[in-house]
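Single-structure report; data block below.
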Amino acid sequence: MRGFVVEADGGSRGNPGPAGYGAVVIDAASGETLAEAAEYIGVATNNVAEYKGLVAGLKAAYALDPEAKVHVRMDSKLVVEQMSGRWKIKHPDMKPLAAQAARVFPASSVTYEWIPREKNKHADRLANEA
């Protein structure tokens, strides 16, 4: 069974403000970058941009192999804790995005890890370019 690492990031200039996300899919065995996604999403909050990056990264991984195990690494503590089920999702804008992310792969196929921003440079660069 293939394993992927998805690194995702999102950000806005102002909160809310002009926003974008970036995501990268990496082969867990070789470390090779397999896919990238980045998009300007208009005016949004940082957290909405983070979630949109997560969804894009998961969809890109699914397109490569719907049977894969996925390890998500993000510098958004909020998204990691909410998607891991440790924190409740209270904000109405984030509930549908979290549900969308949860539908891409079965929950048993995805794990989440918080990483410091400096270890998420690839996805951060894509988000800033978007």
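Quick note on naming: the chains in the structure tokens go A, B, ... in the order shown, residues restart at 1 in each chain, and ligands are numbered from 1 in order of appearance.
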
Q: List every residue of chain A that DSSP, applied to the backbone of this structure, assigns to helix (DSSP H, G or I), and report them as number ranges by chain.
A: A: 46-64, 77-83, 94-104, 107-109, 117-119, 121-129

(Q) List the spatial neighbours of A:Met83 as a VMD selection string - criterion: any atom at most 12 Å away, only C-alpha atoms, same-chain residues fewer than 4 positions off excluded. (A) chain A and resid 50 to 51 54 to 55 72 to 74 76 to 79 87 to 89 94 to 95 97 to 103 107 110 to 114

Kindly save the residues from that selection, with N, CA, C and O atoms included, as an mmCIF file, in the first residue's frame.
```
data_model
loop_
_atom_site.group_PDB
_atom_site.id
_atom_site.type_symbol
_atom_site.label_atom_id
_atom_site.label_comp_id
_atom_site.auth_asym_id
_atom_site.auth_seq_id
_atom_site.Cartn_x
_atom_site.Cartn_y
_atom_site.Cartn_z
ATOM 1 N N GLU A 50 -6.493 27.651 5.253
ATOM 2 C CA GLU A 50 -5.808 26.435 5.714
ATOM 3 C C GLU A 50 -6.641 25.201 5.365
ATOM 4 O O GLU A 50 -6.121 24.205 4.860
ATOM 5 N N TYR A 51 -7.929 25.254 5.648
ATOM 6 C CA TYR A 51 -8.804 24.123 5.347
ATOM 7 C C TYR A 51 -8.874 23.851 3.845
ATOM 8 O O TYR A 51 -8.875 22.702 3.409
ATOM 9 N N LEU A 54 -5.868 21.989 2.856
ATOM 10 C CA LEU A 54 -5.983 20.591 3.275
ATOM 11 C C LEU A 54 -6.823 19.801 2.276
ATOM 12 O O LEU A 54 -6.422 18.724 1.822
ATOM 13 N N VAL A 55 -7.986 20.323 1.926
ATOM 14 C CA VAL A 55 -8.878 19.638 0.988
ATOM 15 C C VAL A 55 -8.171 19.423 -0.353
ATOM 16 O O VAL A 55 -8.203 18.322 -0.920
ATOM 17 N N VAL A 72 -0.884 13.754 7.062
ATOM 18 C CA VAL A 72 -0.997 15.191 6.816
ATOM 19 C C VAL A 72 -0.127 15.937 7.821
ATOM 20 O O VAL A 72 -0.201 15.685 9.023
ATOM 21 N N ARG A 73 0.666 16.851 7.311
ATOM 22 C CA ARG A 73 1.514 17.703 8.149
ATOM 23 C C ARG A 73 1.152 19.160 7.851
ATOM 24 O O ARG A 73 1.223 19.584 6.704
ATOM 25 N N MET A 74 0.742 19.882 8.895
ATOM 26 C CA MET A 74 0.348 21.289 8.725
ATOM 27 C C MET A 74 0.839 22.101 9.899
ATOM 28 O O MET A 74 0.988 21.583 11.006
ATOM 29 N N SER A 76 -0.987 24.560 11.006
ATOM 30 C CA SER A 76 -2.204 25.069 11.637
ATOM 31 C C SER A 76 -2.619 24.125 12.760
ATOM 32 O O SER A 76 -3.183 23.054 12.507
ATOM 33 N N LYS A 77 -2.332 24.519 13.985
ATOM 34 C CA LYS A 77 -2.720 23.705 15.147
ATOM 35 C C LYS A 77 -4.234 23.500 15.150
ATOM 36 O O LYS A 77 -4.720 22.410 15.445
ATOM 37 N N LEU A 78 -4.981 24.537 14.807
ATOM 38 C CA LEU A 78 -6.439 24.464 14.800
ATOM 39 C C LEU A 78 -6.933 23.349 13.872
ATOM 40 O O LEU A 78 -7.715 22.492 14.281
ATOM 41 N N VAL A 79 -6.479 23.353 12.630
ATOM 42 C CA VAL A 79 -6.941 22.354 11.663
ATOM 43 C C VAL A 79 -6.513 20.953 12.097
ATOM 44 O O VAL A 79 -7.311 20.020 12.063
ATOM 45 N N TRP A 87 -10.432 18.728 19.030
ATOM 46 C CA TRP A 87 -11.099 20.015 19.250
ATOM 47 C C TRP A 87 -12.391 20.038 18.450
ATOM 48 O O TRP A 87 -12.462 19.505 17.344
ATOM 49 N N LYS A 88 -13.402 20.700 19.005
ATOM 50 C CA LYS A 88 -14.676 20.861 18.303
ATOM 51 C C LYS A 88 -14.540 21.920 17.209
ATOM 52 O O LYS A 88 -13.775 22.868 17.335
ATOM 53 N N ILE A 89 -15.321 21.748 16.166
ATOM 54 C CA ILE A 89 -15.376 22.731 15.081
ATOM 55 C C ILE A 89 -16.606 23.581 15.329
ATOM 56 O O ILE A 89 -17.729 23.129 15.148
ATOM 57 N N MET A 94 -16.091 26.832 8.763
ATOM 58 C CA MET A 94 -15.139 25.721 8.742
ATOM 59 C C MET A 94 -15.809 24.352 8.780
ATOM 60 O O MET A 94 -15.218 23.374 8.332
ATOM 61 N N LYS A 95 -17.029 24.272 9.289
ATOM 62 C CA LYS A 95 -17.704 22.966 9.386
ATOM 63 C C LYS A 95 -17.822 22.265 8.030
ATOM 64 O O LYS A 95 -17.473 21.090 7.913
ATOM 65 N N LEU A 97 -16.052 22.710 5.335
ATOM 66 C CA LEU A 97 -14.718 22.415 4.810
ATOM 67 C C LEU A 97 -14.121 21.197 5.518
ATOM 68 O O LEU A 97 -13.503 20.335 4.884
ATOM 69 N N ALA A 98 -14.317 21.114 6.827
ATOM 70 C CA ALA A 98 -13.831 19.949 7.582
ATOM 71 C C ALA A 98 -14.557 18.689 7.115
ATOM 72 O O ALA A 98 -13.935 17.626 6.943
ATOM 73 N N ALA A 99 -15.861 18.800 6.878
ATOM 74 C CA ALA A 99 -16.632 17.651 6.395
ATOM 75 C C ALA A 99 -16.149 17.227 5.014
ATOM 76 O O ALA A 99 -16.020 16.031 4.727
ATOM 77 N N GLN A 100 -15.860 18.200 4.171
ATOM 78 C CA GLN A 100 -15.355 17.913 2.824
ATOM 79 C C GLN A 100 -14.008 17.190 2.916
ATOM 80 O O GLN A 100 -13.785 16.190 2.224
ATOM 81 N N ALA A 101 -13.110 17.662 3.781
ATOM 82 C CA ALA A 101 -11.804 17.017 3.960
ATOM 83 C C ALA A 101 -11.976 15.591 4.473
ATOM 84 O O ALA A 101 -11.290 14.669 4.018
ATOM 85 N N ALA A 102 -12.905 15.395 5.389
ATOM 86 C CA ALA A 102 -13.114 14.079 5.992
ATOM 87 C C ALA A 102 -13.684 13.062 4.999
ATOM 88 O O ALA A 102 -13.520 11.856 5.191
ATOM 89 N N ARG A 103 -14.334 13.540 3.949
ATOM 90 C CA ARG A 103 -14.945 12.642 2.962
ATOM 91 C C ARG A 103 -13.958 12.144 1.905
ATOM 92 O O ARG A 103 -14.267 11.198 1.184
ATOM 93 N N ALA A 107 -11.427 7.837 7.377
ATOM 94 C CA ALA A 107 -10.705 8.369 8.536
ATOM 95 C C ALA A 107 -9.554 7.459 8.948
ATOM 96 O O ALA A 107 -8.507 7.938 9.397
ATOM 97 N N VAL A 110 -6.039 8.311 7.271
ATOM 98 C CA VAL A 110 -5.399 9.624 7.389
ATOM 99 C C VAL A 110 -4.973 9.887 8.835
ATOM 100 O O VAL A 110 -5.758 9.687 9.765
ATOM 101 N N THR A 111 -3.737 10.342 8.995
ATOM 102 C CA THR A 111 -3.256 10.809 10.294
ATOM 103 C C THR A 111 -2.820 12.262 10.140
ATOM 104 O O THR A 111 -2.501 12.709 9.036
ATOM 105 N N TYR A 112 -2.827 12.981 11.264
ATOM 106 C CA TYR A 112 -2.501 14.411 11.255
ATOM 107 C C TYR A 112 -1.379 14.707 12.232
ATOM 108 O O TYR A 112 -1.324 14.138 13.317
ATOM 109 N N GLU A 113 -0.507 15.633 11.824
ATOM 110 C CA GLU A 113 0.608 16.055 12.670
ATOM 111 C C GLU A 113 0.800 17.556 12.525
ATOM 112 O O GLU A 113 0.836 18.081 11.404
ATOM 113 N N TRP A 114 0.935 18.230 13.667
ATOM 114 C CA TRP A 114 1.281 19.646 13.635
ATOM 115 C C TRP A 114 2.789 19.762 13.484
ATOM 116 O O TRP A 114 3.554 19.035 14.130
#
```

Q.
For the strand (DSSP E or B) assignment from backbone DSSP, which residues of chain A qualify? Please present them as a PyMOL selection string.
A. chain A and resi 3-12+17-27+33-44+69-74+110-114

(Q) Here is a test: counting only C-alpha atoms, which residue of A:Arg2, A:Arg13, A:His91, A:Arg86 is nearest to A:Asn46? (A)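 So, comparing all the options, the nearest one is A:Arg13.
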
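Distances to A:Ile41 were evaluated for A:Ala19, A:Ile115, A:Leu64, A:Leu126 using only C-alpha atoms, and the minimum falls at A:Ala19.
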